file data_10.cif (mmCIF, C-alpha atoms and all ligand atoms)
data_target
#
loop_
_atom_site.label_atom_id
_atom_site.label_comp_id
_atom_site.auth_asym_id
_atom_site.auth_seq_id
_atom_site.Cartn_x
_atom_site.Cartn_y
_atom_site.Cartn_z
CA MET A 1445 -14.68 -12.42 6.36
CA LYS A 1446 -16.91 -13.83 3.61
CA HIS A 1447 -16.27 -12.35 0.20
CA PRO A 1448 -18.34 -12.93 -2.94
CA TYR A 1449 -15.21 -13.87 -4.93
CA ILE A 1450 -13.83 -16.30 -2.36
CA GLN A 1451 -13.84 -19.98 -3.22
CA GLU A 1452 -12.73 -22.89 -1.10
CA GLU A 1453 -9.14 -22.68 -2.37
CA HIS A 1454 -8.94 -19.06 -1.21
CA ALA A 1455 -10.00 -20.04 2.31
CA ILE A 1456 -7.36 -22.79 2.35
CA PHE A 1457 -4.77 -20.29 1.14
CA ARG A 1458 -5.72 -17.80 3.88
CA LYS A 1459 -5.29 -20.46 6.54
CA ALA A 1460 -1.84 -21.42 5.23
CA PHE A 1461 -0.70 -17.82 4.88
CA ARG A 1462 -1.91 -16.92 8.37
CA LYS A 1463 0.03 -19.87 9.74
CA PHE A 1464 3.12 -18.65 7.89
CA LEU A 1465 2.69 -15.17 9.38
CA GLU A 1466 2.15 -16.56 12.87
CA LYS A 1467 5.57 -18.18 12.59
CA GLU A 1468 7.51 -15.64 10.53
CA ALA A 1469 5.93 -12.21 11.17
CA TYR A 1470 3.82 -11.80 14.33
CA PRO A 1471 6.62 -12.72 16.77
CA TYR A 1472 9.04 -10.26 15.14
CA TYR A 1473 6.80 -7.34 14.29
CA GLU A 1474 7.60 -5.29 17.43
CA LYS A 1475 11.32 -5.72 16.76
CA TRP A 1476 10.85 -4.62 13.15
CA GLU A 1477 9.05 -1.53 14.41
CA LYS A 1478 11.92 -0.73 16.78
CA ASP A 1479 14.53 -1.43 14.07
CA ARG A 1480 12.54 0.77 11.67
CA ILE A 1481 12.82 -1.86 8.92
CA ILE A 1482 11.46 -5.23 7.85
CA PRO A 1483 14.55 -7.36 7.27
CA ARG A 1484 15.36 -8.66 3.84
CA SER A 1485 15.29 -12.19 5.27
CA PHE A 1486 11.48 -11.87 5.63
CA TRP A 1487 11.18 -10.90 1.98
CA ASP A 1488 13.28 -13.96 1.10
CA LYS A 1489 10.95 -16.21 3.11
CA LEU A 1490 7.91 -14.71 1.39
CA GLY A 1491 9.54 -15.36 -1.97
CA GLN A 1492 10.57 -18.91 -1.14
CA SER A 1493 7.02 -19.71 -0.01
CA GLY A 1494 5.31 -18.28 -3.11
CA TYR A 1495 3.80 -15.22 -1.42
CA LEU A 1496 5.42 -12.60 -3.66
CA CYS A 1497 3.46 -11.75 -6.83
CA PRO A 1498 1.54 -15.08 -6.85
CA ASP A 1499 -0.73 -13.77 -9.61
CA LEU A 1500 2.14 -13.69 -12.13
CA PRO A 1501 2.15 -16.42 -14.77
CA GLU A 1502 4.12 -19.58 -14.06
CA GLU A 1503 6.65 -18.77 -16.82
CA TYR A 1504 7.88 -15.92 -14.60
CA GLY A 1505 7.86 -18.01 -11.43
CA GLY A 1506 4.40 -16.99 -10.21
CA LEU A 1507 1.52 -19.30 -9.38
CA GLY A 1508 -0.87 -17.87 -11.97
CA VAL A 1509 -3.60 -17.45 -9.34
CA ASP A 1510 -6.39 -14.85 -9.44
CA TRP A 1511 -6.30 -11.50 -7.67
CA GLY A 1512 -8.50 -12.85 -4.86
CA ILE A 1513 -5.32 -14.46 -3.51
CA SER A 1514 -3.60 -11.06 -3.55
CA VAL A 1515 -6.52 -9.59 -1.60
CA ILE A 1516 -6.04 -12.28 1.04
CA ILE A 1517 -2.30 -11.61 1.25
CA ASN A 1518 -2.98 -7.91 1.69
CA GLU A 1519 -5.63 -8.48 4.34
CA GLU A 1520 -3.50 -10.87 6.34
CA LEU A 1521 -0.43 -8.60 6.16
CA GLU A 1522 -2.53 -5.66 7.35
CA ARG A 1523 -3.72 -7.73 10.29
CA VAL A 1524 -0.08 -8.14 11.34
CA GLY A 1525 0.48 -4.40 11.01
CA SER A 1526 0.20 -1.50 8.57
CA GLY A 1527 4.01 -1.28 8.34
CA THR A 1528 3.94 -4.25 5.96
CA VAL A 1529 2.49 -2.01 3.25
CA GLY A 1530 5.77 -2.08 1.28
CA ILE A 1531 5.16 -5.75 0.50
CA SER A 1532 1.71 -5.00 -0.93
CA LEU A 1533 3.26 -2.13 -2.86
CA HIS A 1534 5.78 -4.52 -4.42
CA ASN A 1535 3.25 -7.27 -5.22
CA ASP A 1536 0.26 -5.30 -6.37
CA ILE A 1537 1.39 -1.80 -7.26
CA VAL A 1538 4.89 -1.73 -8.76
CA VAL A 1539 5.27 -5.15 -10.36
CA PRO A 1540 1.96 -4.70 -12.26
CA TYR A 1541 3.58 -1.78 -14.14
CA ILE A 1542 6.20 -4.19 -15.50
CA THR A 1543 3.59 -6.85 -16.24
CA ALA A 1544 1.32 -4.41 -18.05
CA TYR A 1545 3.78 -2.17 -19.88
CA GLY A 1546 7.10 -4.06 -19.97
CA THR A 1547 8.55 -5.66 -23.08
CA LEU A 1548 9.09 -9.41 -23.16
CA GLU A 1549 12.81 -8.81 -22.55
CA GLN A 1550 12.06 -6.58 -19.51
CA LYS A 1551 9.63 -9.12 -18.08
CA GLU A 1552 12.10 -11.98 -18.47
CA ARG A 1553 14.85 -9.86 -16.92
CA TRP A 1554 12.98 -8.62 -13.84
CA LEU A 1555 9.83 -10.58 -13.03
CA PRO A 1556 11.36 -13.91 -11.86
CA LYS A 1557 13.50 -11.98 -9.36
CA CYS A 1558 10.46 -9.99 -8.18
CA VAL A 1559 8.80 -13.33 -7.41
CA SER A 1560 11.80 -14.79 -5.58
CA GLY A 1561 12.46 -11.66 -3.53
CA GLU A 1562 15.86 -11.02 -5.10
CA ILE A 1563 14.40 -7.77 -6.41
CA ILE A 1564 12.42 -5.44 -4.14
CA THR A 1565 10.62 -2.70 -6.05
CA ALA A 1566 9.44 0.87 -5.46
CA ILE A 1567 7.60 3.55 -7.38
CA ALA A 1568 8.83 7.13 -7.31
CA MET A 1569 6.33 9.77 -8.36
CA THR A 1570 6.33 12.27 -5.47
CA GLU A 1571 8.94 15.04 -5.29
CA PRO A 1572 9.67 17.66 -2.63
CA GLY A 1573 7.81 20.21 -4.78
CA ALA A 1574 5.05 18.05 -6.31
CA GLY A 1575 2.76 15.45 -4.75
CA SER A 1576 -0.93 15.80 -5.59
CA ASP A 1577 -0.05 17.84 -8.66
CA LEU A 1578 1.79 15.00 -10.37
CA ALA A 1579 1.90 16.68 -13.77
CA SER A 1580 4.21 19.32 -12.24
CA ILE A 1581 7.10 16.99 -11.38
CA SER A 1582 10.50 18.40 -12.27
CA THR A 1583 12.75 15.32 -12.47
CA THR A 1584 14.06 15.30 -16.02
CA ALA A 1585 15.28 12.50 -18.28
CA VAL A 1586 17.19 13.80 -21.28
CA ASP A 1587 17.41 11.53 -24.32
CA LYS A 1588 21.06 10.95 -25.26
CA GLY A 1589 20.55 8.39 -27.99
CA ASP A 1590 21.17 5.03 -26.34
CA HIS A 1591 20.54 6.26 -22.77
CA TYR A 1592 18.75 8.88 -20.69
CA VAL A 1593 20.41 11.26 -18.23
CA VAL A 1594 18.17 11.71 -15.20
CA ASN A 1595 18.32 14.61 -12.75
CA GLY A 1596 16.00 15.25 -9.84
CA GLN A 1597 14.88 14.18 -6.41
CA LYS A 1598 12.02 12.03 -5.15
CA THR A 1599 10.65 11.88 -1.62
CA PHE A 1600 8.39 9.74 0.61
CA ILE A 1601 9.29 6.64 -1.42
CA THR A 1602 8.05 3.38 0.10
CA ASN A 1603 10.79 0.69 0.01
CA GLY A 1604 13.15 3.57 -0.89
CA ILE A 1605 16.19 2.19 0.95
CA GLN A 1606 15.71 -1.50 0.15
CA ALA A 1607 14.52 -1.20 -3.43
CA ASP A 1608 16.64 -2.80 -6.15
CA LEU A 1609 14.39 -1.51 -8.92
CA VAL A 1610 12.50 1.77 -8.93
CA VAL A 1611 9.88 2.85 -11.46
CA VAL A 1612 10.60 6.57 -11.70
CA ALA A 1613 8.29 9.21 -13.17
CA CYS A 1614 10.38 11.68 -15.19
CA LYS A 1615 9.80 14.51 -17.63
CA THR A 1616 11.16 13.43 -21.01
CA ASP A 1617 9.52 16.34 -22.85
CA LEU A 1618 9.57 19.69 -21.08
CA ARG A 1619 7.63 21.42 -23.82
CA ALA A 1620 4.71 18.99 -23.97
CA LEU A 1621 1.25 20.52 -23.63
CA PRO A 1622 -0.69 19.63 -21.62
CA LYS A 1623 2.36 19.04 -19.45
CA HIS A 1624 1.36 15.55 -18.24
CA LYS A 1625 2.01 14.34 -21.81
CA GLY A 1626 5.73 14.90 -21.23
CA ILE A 1627 5.98 12.29 -18.46
CA SER A 1628 7.57 8.85 -18.99
CA LEU A 1629 8.36 5.96 -16.66
CA LEU A 1630 11.95 4.75 -16.40
CA VAL A 1631 13.10 1.69 -14.50
CA ILE A 1632 16.16 2.69 -12.51
CA GLU A 1633 18.12 -0.14 -10.94
CA ARG A 1634 20.33 -0.33 -7.87
CA GLY A 1635 23.86 0.64 -8.85
CA ALA A 1636 22.89 2.89 -11.77
CA PRO A 1637 25.62 5.57 -12.00
CA GLY A 1638 24.33 8.79 -10.39
CA PHE A 1639 21.54 7.10 -8.37
CA SER A 1640 21.80 7.45 -4.59
CA ARG A 1641 19.50 7.29 -1.56
CA GLY A 1642 18.85 10.34 0.58
CA ARG A 1643 17.47 10.27 4.13
CA LYS A 1644 15.51 7.36 5.51
CA LEU A 1645 12.53 9.33 6.76
CA ASP A 1646 11.34 9.30 10.36
CA LYS A 1647 7.55 8.97 10.40
CA VAL A 1648 4.71 9.38 12.93
CA GLY A 1649 3.67 5.77 12.27
CA LEU A 1650 4.37 2.81 9.97
CA HIS A 1651 7.69 2.57 11.76
CA CYS A 1652 8.93 -0.61 10.14
CA GLN A 1653 8.02 0.62 6.68
CA ASP A 1654 11.06 1.88 4.79
CA THR A 1655 10.32 5.37 3.43
CA ALA A 1656 13.12 7.38 1.85
CA GLU A 1657 14.37 10.08 -0.44
CA LEU A 1658 15.96 9.17 -3.78
CA ILE A 1659 18.49 11.33 -5.60
CA PHE A 1660 19.40 11.28 -9.29
CA GLU A 1661 22.46 13.28 -10.33
CA ASP A 1662 23.35 12.85 -14.00
CA CYS A 1663 22.07 9.32 -13.55
CA ILE A 1664 22.66 7.14 -16.61
CA VAL A 1665 19.68 4.95 -17.53
CA PRO A 1666 19.86 2.68 -20.59
CA LYS A 1667 17.17 3.28 -23.21
CA GLU A 1668 15.97 -0.31 -22.79
CA ASN A 1669 14.78 0.65 -19.28
CA LEU A 1670 11.99 2.87 -20.62
CA LEU A 1671 8.67 1.35 -19.57
CA GLY A 1672 6.04 1.43 -22.30
CA LYS A 1673 5.96 4.44 -24.60
CA ALA A 1674 7.68 7.78 -23.95
CA GLY A 1675 5.07 10.37 -22.97
CA ASN A 1676 2.56 7.79 -21.71
CA GLY A 1677 3.77 7.72 -18.09
CA PHE A 1678 0.95 9.82 -16.68
CA LEU A 1679 -1.70 7.65 -18.32
CA TYR A 1680 -0.02 4.52 -16.98
CA MET A 1681 0.05 5.95 -13.46
CA MET A 1682 -3.61 7.00 -13.59
CA ASP A 1683 -4.47 3.47 -14.68
CA LYS A 1684 -2.43 1.69 -12.04
CA LEU A 1685 -3.38 4.10 -9.25
CA GLN A 1686 -6.85 2.50 -9.21
CA GLN A 1687 -5.54 -0.79 -7.83
CA GLU A 1688 -3.24 1.13 -5.47
CA ARG A 1689 -6.21 3.07 -4.04
CA LEU A 1690 -8.26 -0.08 -3.76
CA LEU A 1691 -5.45 -1.65 -1.74
CA VAL A 1692 -5.41 1.33 0.62
CA ALA A 1693 -9.18 0.96 1.06
CA ILE A 1694 -8.77 -2.77 1.78
CA ALA A 1695 -6.07 -2.05 4.37
CA ALA A 1696 -8.24 0.61 6.05
CA GLN A 1697 -11.22 -1.76 6.23
CA VAL A 1698 -9.08 -4.51 7.78
CA ALA A 1699 -7.54 -2.03 10.23
CA ALA A 1700 -11.06 -0.94 11.28
CA GLU A 1701 -12.17 -4.57 11.71
CA ASP A 1702 -9.08 -5.32 13.79
CA MET A 1703 -9.57 -2.27 16.03
CA PHE A 1704 -13.20 -3.18 16.53
CA GLU A 1705 -12.32 -6.75 17.58
CA LEU A 1706 -9.60 -5.54 19.97
CA THR A 1707 -12.01 -3.05 21.55
CA MET A 1708 -14.89 -5.51 21.86
CA GLU A 1709 -12.59 -7.85 23.76
CA TYR A 1710 -11.29 -5.09 26.01
CA VAL A 1711 -14.65 -3.54 26.96
CA LYS A 1712 -15.99 -6.94 27.97
CA SER A 1713 -13.23 -7.47 30.50
CA ARG A 1714 -12.36 -4.02 31.89
CA GLN A 1715 -14.41 -3.06 34.95
CA ALA A 1716 -15.50 0.33 36.34
CA PHE A 1717 -18.25 1.25 38.81
CA GLY A 1718 -19.01 -2.44 39.33
CA LYS A 1719 -19.76 -3.10 35.64
CA THR A 1720 -17.79 -3.82 32.52
CA ILE A 1721 -17.02 -0.84 30.27
CA GLY A 1722 -19.17 -2.61 27.67
CA ASP A 1723 -22.20 -2.28 29.97
CA PHE A 1724 -22.29 1.51 29.65
CA GLN A 1725 -24.74 2.81 27.10
CA ASN A 1726 -22.12 5.10 25.57
CA THR A 1727 -19.86 2.11 24.85
CA LYS A 1728 -22.73 0.13 23.35
CA PHE A 1729 -23.72 3.01 21.08
CA LYS A 1730 -20.13 3.66 19.98
CA LEU A 1731 -19.54 0.02 19.15
CA ALA A 1732 -22.94 -0.28 17.46
CA GLU A 1733 -22.04 2.70 15.26
CA MET A 1734 -18.67 1.17 14.45
CA ALA A 1735 -20.20 -2.21 13.65
CA THR A 1736 -22.62 -0.49 11.25
CA ASP A 1737 -19.88 1.48 9.48
CA ILE A 1738 -17.67 -1.60 9.24
CA GLU A 1739 -20.48 -3.75 7.85
CA MET A 1740 -21.39 -1.15 5.23
CA GLY A 1741 -17.73 -0.65 4.36
CA ARG A 1742 -17.19 -4.38 3.91
CA THR A 1743 -20.26 -4.75 1.71
CA PHE A 1744 -19.25 -1.88 -0.57
CA LEU A 1745 -15.61 -2.99 -0.65
CA ASP A 1746 -16.33 -6.61 -1.53
CA GLN A 1747 -18.54 -5.60 -4.44
CA LEU A 1748 -15.84 -3.25 -5.60
CA ILE A 1749 -13.12 -5.91 -5.42
CA ALA A 1750 -15.34 -8.22 -7.48
CA SER A 1751 -15.94 -5.44 -10.06
CA HIS A 1752 -12.22 -4.69 -10.23
CA MET A 1753 -11.43 -8.37 -10.73
CA ALA A 1754 -14.01 -8.46 -13.52
CA GLY A 1755 -12.14 -5.64 -15.28
CA GLU A 1756 -14.93 -3.06 -14.91
CA ASP A 1757 -14.30 0.69 -14.79
CA VAL A 1758 -14.12 1.38 -11.05
CA VAL A 1759 -12.49 4.83 -10.95
CA THR A 1760 -15.35 6.65 -9.21
CA LYS A 1761 -16.13 3.87 -6.76
CA VAL A 1762 -12.46 3.29 -5.92
CA SER A 1763 -12.14 7.01 -5.10
CA MET A 1764 -15.27 6.72 -2.93
CA ALA A 1765 -13.97 3.65 -1.10
CA LYS A 1766 -10.53 5.16 -0.61
CA TRP A 1767 -11.71 8.34 1.10
CA LYS A 1768 -14.67 6.87 2.94
CA LEU A 1769 -12.96 3.81 4.39
CA THR A 1770 -9.74 5.56 5.38
CA ASP A 1771 -11.82 8.30 7.01
CA MET A 1772 -13.87 5.64 8.82
CA ALA A 1773 -10.76 3.82 10.07
CA LYS A 1774 -9.21 7.07 11.30
CA ARG A 1775 -12.35 7.95 13.26
CA ILE A 1776 -12.63 4.43 14.67
CA SER A 1777 -9.00 4.51 15.83
CA GLY A 1778 -9.74 7.57 18.00
CA GLU A 1779 -12.99 6.15 19.37
CA CYS A 1780 -11.40 2.80 20.18
CA MET A 1781 -8.45 4.46 21.88
CA GLN A 1782 -10.89 6.43 24.03
CA LEU A 1783 -12.64 3.23 25.12
CA PHE A 1784 -9.31 1.75 26.18
CA GLY A 1785 -8.79 4.72 28.55
CA GLY A 1786 -5.15 5.34 29.52
CA TYR A 1787 -4.10 1.90 28.35
CA GLY A 1788 -5.02 2.85 24.81
CA TYR A 1789 -2.30 5.48 24.90
CA MET A 1790 0.39 2.97 25.85
CA GLU A 1791 2.64 1.62 23.15
CA GLU A 1792 2.29 -1.93 24.45
CA TYR A 1793 -1.37 -1.89 23.36
CA LYS A 1794 -1.92 -2.53 19.67
CA ILE A 1795 -4.63 0.12 19.50
CA ALA A 1796 -1.96 2.80 20.11
CA ARG A 1797 0.01 1.62 17.09
CA ARG A 1798 -3.13 1.48 14.96
CA PHE A 1799 -3.91 5.08 16.01
CA ARG A 1800 -0.46 6.21 14.81
CA ASP A 1801 -0.51 4.17 11.63
CA ILE A 1802 -3.90 4.95 10.14
CA PRO A 1803 -3.82 8.73 9.36
CA VAL A 1804 -1.44 8.31 6.42
CA ALA A 1805 -4.03 6.21 4.60
CA SER A 1806 -5.99 9.38 3.87
CA ILE A 1807 -2.82 11.01 2.50
CA TYR A 1808 -0.97 8.53 0.31
CA ALA A 1809 -2.04 7.05 -3.04
CA GLY A 1810 -3.76 10.39 -3.69
CA THR A 1811 -5.13 12.40 -0.77
CA ASN A 1812 -8.77 12.13 0.23
CA GLU A 1813 -9.31 15.67 -1.08
CA ILE A 1814 -8.04 14.53 -4.48
CA MET A 1815 -10.43 11.54 -4.28
CA LYS A 1816 -13.31 13.97 -3.81
CA THR A 1817 -12.19 16.08 -6.79
CA ILE A 1818 -12.26 12.90 -8.94
CA ILE A 1819 -15.73 11.94 -7.68
CA ALA A 1820 -17.03 15.49 -8.21
CA LYS A 1821 -15.71 15.51 -11.79
CA ASN A 1822 -17.22 12.10 -12.52
CA ILE A 1823 -20.65 13.06 -11.17
CA GLY A 1824 -20.61 16.03 -13.52
CA LEU A 1825 -19.28 18.93 -11.42
C1 LIG B 1 4.31 7.15 4.35
C2 LIG B 1 4.20 7.65 2.95
C3 LIG B 1 4.51 6.78 1.90
C4 LIG B 1 4.46 7.24 0.58
N1 LIG B 1 4.86 6.42 -0.44
C5 LIG B 1 4.98 6.93 -1.69
C6 LIG B 1 5.57 6.15 -2.74
O1 LIG B 1 5.93 4.98 -2.56
N2 LIG B 1 5.74 6.73 -3.95
C7 LIG B 1 5.36 8.02 -4.21
O2 LIG B 1 5.54 8.49 -5.34
N3 LIG B 1 4.78 8.78 -3.23
C8 LIG B 1 4.61 8.26 -1.99
N4 LIG B 1 4.04 9.03 -0.99
C9 LIG B 1 3.64 10.40 -1.30
C10 LIG B 1 2.14 10.64 -1.26
O3 LIG B 1 1.52 10.02 -2.35
C11 LIG B 1 1.95 12.17 -1.24
O4 LIG B 1 2.37 12.61 0.04
C12 LIG B 1 0.51 12.57 -1.50
O5 LIG B 1 0.16 12.29 -2.84
C13 LIG B 1 0.28 14.07 -1.24
O6 LIG B 1 1.24 14.86 -1.84
P1 LIG B 1 1.99 15.99 -0.95
O7 LIG B 1 2.53 15.33 0.27
O8 LIG B 1 2.96 16.69 -1.84
O9 LIG B 1 0.85 16.97 -0.50
P2 LIG B 1 0.32 18.26 -1.31
O10 LIG B 1 0.01 17.87 -2.70
O11 LIG B 1 1.23 19.38 -1.07
O12 LIG B 1 -1.05 18.53 -0.55
C14 LIG B 1 -1.14 19.25 0.68
C15 LIG B 1 -2.63 19.39 1.05
O13 LIG B 1 -3.31 20.12 0.03
C16 LIG B 1 -4.40 19.37 -0.44
N5 LIG B 1 -4.61 19.60 -1.88
C17 LIG B 1 -3.70 19.52 -2.88
N6 LIG B 1 -4.28 19.74 -4.07
C18 LIG B 1 -5.60 19.96 -3.81
C19 LIG B 1 -6.73 20.22 -4.63
N7 LIG B 1 -6.65 20.28 -5.96
N8 LIG B 1 -7.93 20.42 -4.03
C20 LIG B 1 -8.05 20.34 -2.68
N9 LIG B 1 -7.01 20.08 -1.85
C21 LIG B 1 -5.80 19.88 -2.41
C22 LIG B 1 -4.05 17.93 -0.19
O14 LIG B 1 -5.19 17.10 -0.16
C23 LIG B 1 -3.34 18.03 1.15
O15 LIG B 1 -4.29 18.04 2.18
C24 LIG B 1 4.04 8.57 0.33
C25 LIG B 1 3.70 9.41 1.38
C26 LIG B 1 3.77 8.96 2.68
C27 LIG B 1 3.44 9.92 3.79
#
call {"tool": "encode", "arguments": {"input": "data_10.cif", "output": "structure tokens", "more": "lines below"}}
Ligand SMILES: Cc1cc2nc3c(=O)[nH]c(=O)nc-3n(C[C@H](O)[C@H](O)[C@H](O)COP(=O)(O)OP(=O)(O)OC[C@H]3O[C@@H](n4cnc5c(N)ncnc54)[C@H](O)[C@@H]3O)c2cc1C
result
Amino acid sequence: MKHPYIQEEHAIFRKAFRKFLEKEAYPYYEKWEKDRIIPRSFWDKLGQSGYLCPDLPEEYGGLGVDWGISVIINEELERVGSGTVGISLHNDIVVPYITAYGTLEQKERWLPKCVSGEIITAIAMTEPGAGSDLASISTTAVDKGDHYVVNGQKTFITNGIQADLVVVACKTDLRALPKHKGISLLVIERGAPGFSRGRKLDKVGLHCQDTAELIFEDCIVPKENLLGKAGNGFLYMMDKLQQERLLVAIAAQVAAEDMFELTMEYVKSRQAFGKTIGDFQNTKFKLAEMATDIEMGRTFLDQLIASHMAGEDVVTKVSMAKWKLTDMAKRISGECMQLFGGYGYMEEYKIARRFRDIPVASIYAGTNEIMKTIIAKNIGL
């Protein structure tokens, strides 16, 4: 993988991180899938080795490196398996809310522990009654002077069980018009009175990823846990969702590349009718199509990562990458499974896990239909 933003130090970092994963992740991944959780001890190892939030400044324990390093971490984690997505969510989705909108006091309180792994984070926007239509959330936070009282329920929350700190989208002003102006972000910590976990959800794929319900019943949240300004929560989420969607696109691209490599290897060795499967014209055409899609995806994605790192407005292109690359990976997973024949349907083959894991990429971080509504609006429709 050659990226335009990759320098020699990035390549050295990738090598070191891959070596770390070969020792600490690959041998255990199947067990994590069966256990339905990535153990906390792995988070601790990531923290001790400097792989959590490395882009944070050194004063908070980070390495102060550029986001190219984060891209490499995300790519290498995805190569292990999509169930590692909660780590990317911590590093590059939730912690950036604190970095961007937190006060100095909040940053000093939380960031060093996010880097060490003592704090695992989550973001809770989705509710049983509101997903795509985020402005319609019904979790309320009532201002009681020095604290808020939060009531409501969140669902599908990544890192929901393990999280020590959750950025929660709440309505602080029920009368605000338009209604998204009434949304604020509160940081709710483990142990807050009235905060409990609901079910740990059983999913089609991403088995080792911890996804759960969160419940807030007269939950007391100190005023100093408000993130940024009251009423700005929706704007903050729209801003930070761009990097989240880019990460989903990166993961989908890597998943597609991995499936392609697995399938190339398989079709060269499996025999039928006195030939390898790769000798059939159908196989050649399928893999040629995949190689084309993957190459075009990688080219578009790399330019987009570079634009994002340069601070350009990437909303339309991120939406394009998110729907197109997740759609591509989903299609490729089915085509690769087909080329594996019956073996592709067996759990012991990685392609089967990829097939189960990939469909959610077109659902979370904003569904692909929502991506198309954003693109349509931005092209003037
Ligand atoms: C494994 C997993 C992890 C997740 N992690 C998190 C997390 O950490 N934090 C969090 O807050 N959420 C999380 N989510 C929630 C996820 O972001 C939502 O599921 C997603 O945004 C869709 O919302 P919904 O499920 O309510 O679907 P709905 O909004 O009910 O949508 C149902 C269908 O209607 C379509 N639809 C909706 N509106 C429109 C429209 N305007 N035009 C056309 N079609 C439309 C959708 O595209 C979809 O196909 C996670 C979900 C999953 C499955």
call {"tool": "residues_near_ligand", "arguments": {"input": "data_10.cif", "ligand": "ligand LIG 1 (chain B)", "cutoff": "6 Å", "atoms": "all atoms listed in the file", "output": "VMD selection string"}}
result
chain A and resid 1567 to 1570 1574 to 1577 1600 to 1602 1804 1807 to 1811 1813 to 1814
call {"tool": "closest_residue", "arguments": {"input": "data_10.cif", "among": "A:Cys1497, A:Ile1581, A:Phe1486, A:Tyr1545", "to": "Lys1673 (chain A)", "atoms": "only C-alpha atoms"}}
result
A:Tyr1545
call {"tool": "residues_around", "arguments": {"input": "data_10.cif", "residues": "region 1518-1526 of chain A", "least_positions_apart": "2", "cutoff": "8 Å", "atoms": "only C-alpha atoms", "output": "number ranges by chain"}}
result
A: 1458, 1461-1462, 1465, 1469-1470, 1473, 1514-1516, 1528-1529, 1532, 1650, 1691, 1694-1695, 1698-1699, 1702, 1798, 1801-1802
call {"tool": "residues_around", "arguments": {"input": "data_10.cif", "residues": "His1534 (chain A)", "least_positions_apart": "2", "cutoff": "10 Å", "atoms": "only C-alpha atoms", "output": "PDB file with C-alpha atoms, in the coordinates of the input"}}
result
ATOM      1  CA  LEU A1496       5.420 -12.600  -3.660  1.00  0.00           C
ATOM      2  CA  CYS A1497       3.460 -11.750  -6.830  1.00  0.00           C
ATOM      3  CA  VAL A1529       2.490  -2.010   3.250  1.00  0.00           C
ATOM      4  CA  GLY A1530       5.770  -2.080   1.280  1.00  0.00           C
ATOM      5  CA  ILE A1531       5.160  -5.750   0.500  1.00  0.00           C
ATOM      6  CA  SER A1532       1.710  -5.000  -0.930  1.00  0.00           C
ATOM      7  CA  ASP A1536       0.260  -5.300  -6.370  1.00  0.00           C
ATOM      8  CA  ILE A1537       1.390  -1.800  -7.260  1.00  0.00           C
ATOM      9  CA  VAL A1538       4.890  -1.730  -8.760  1.00  0.00           C
ATOM     10  CA  VAL A1539       5.270  -5.150 -10.360  1.00  0.00           C
ATOM     11  CA  PRO A1540       1.960  -4.700 -12.260  1.00  0.00           C
ATOM     12  CA  CYS A1558      10.460  -9.990  -8.180  1.00  0.00           C
ATOM     13  CA  VAL A1559       8.800 -13.330  -7.410  1.00  0.00           C
ATOM     14  CA  GLY A1561      12.460 -11.660  -3.530  1.00  0.00           C
ATOM     15  CA  ILE A1563      14.400  -7.770  -6.410  1.00  0.00           C
ATOM     16  CA  ILE A1564      12.420  -5.440  -4.140  1.00  0.00           C
ATOM     17  CA  THR A1565      10.620  -2.700  -6.050  1.00  0.00           C
ATOM     18  CA  ALA A1566       9.440   0.870  -5.460  1.00  0.00           C
ATOM     19  CA  ILE A1567       7.600   3.550  -7.380  1.00  0.00           C
ATOM     20  CA  THR A1602       8.050   3.380   0.100  1.00  0.00           C
ATOM     21  CA  ASN A1603      10.790   0.690   0.010  1.00  0.00           C
ATOM     22  CA  ALA A1607      14.520  -1.200  -3.430  1.00  0.00           C
TER      23      ALA A1607
END
call {"tool": "closest_residue", "arguments": {"input": "data_10.cif", "among": "A:Cys1780, A:Ile1664, A:Leu1645, A:Ile1542", "to": "Thr1727 (chain A)", "atoms": "all atoms listed in the file"}}
result
A:Cys1780
call {"tool": "residues_near_point", "arguments": {"input": "data_10.cif", "point": "(19.7, 13.2, -5.0)", "cutoff": "9 Å", "atoms": "only C-alpha atoms", "output": "list of chain:residue names"}}
result
A:Asn1595, A:Gly1596, A:Gln1597, A:Lys1598, A:Gly1638, A:Phe1639, A:Ser1640, A:Arg1641, A:Gly1642, A:Glu1657, A:Leu1658, A:Ile1659, A:Phe1660, A:Glu1661
call {"tool": "closest_residue", "arguments": {"input": "data_10.cif", "among": "A:Ala1455, A:Met1815, A:Ile1627, A:Leu1555", "to": "Asp1771 (chain A)", "atoms": "all atoms listed in the file"}}
result
A:Met1815
call {"tool": "decode", "arguments": {"input": "data_10.cif", "residues": "region 1456-1460 of chain A", "atoms": "N, CA and C atoms", "output": "PDB file, in the first residue's frame"}}
result
ATOM      1  N   ILE A1456       8.091   2.550   8.697  1.00  0.00           N
ATOM      2  CA  ILE A1456       8.754   1.911   9.841  1.00  0.00           C
ATOM      3  C   ILE A1456       7.728   1.626  10.935  1.00  0.00           C
ATOM      4  N   PHE A1457       6.840   2.616  11.143  1.00  0.00           N
ATOM      5  CA  PHE A1457       5.799   2.449  12.160  1.00  0.00           C
ATOM      6  C   PHE A1457       4.899   1.259  11.812  1.00  0.00           C
ATOM      7  N   ARG A1458       4.509   1.167  10.528  1.00  0.00           N
ATOM      8  CA  ARG A1458       3.618   0.064  10.112  1.00  0.00           C
ATOM      9  C   ARG A1458       4.261  -1.297  10.415  1.00  0.00           C
ATOM     10  N   LYS A1459       5.545  -1.384  10.133  1.00  0.00           N
ATOM     11  CA  LYS A1459       6.251  -2.642  10.341  1.00  0.00           C
ATOM     12  C   LYS A1459       6.223  -3.025  11.839  1.00  0.00           C
ATOM     13  N   ALA A1460       6.492  -2.012  12.670  1.00  0.00           N
ATOM     14  CA  ALA A1460       6.537  -2.256  14.117  1.00  0.00           C
ATOM     15  C   ALA A1460       5.145  -2.622  14.648  1.00  0.00           C
TER      16      ALA A1460
END
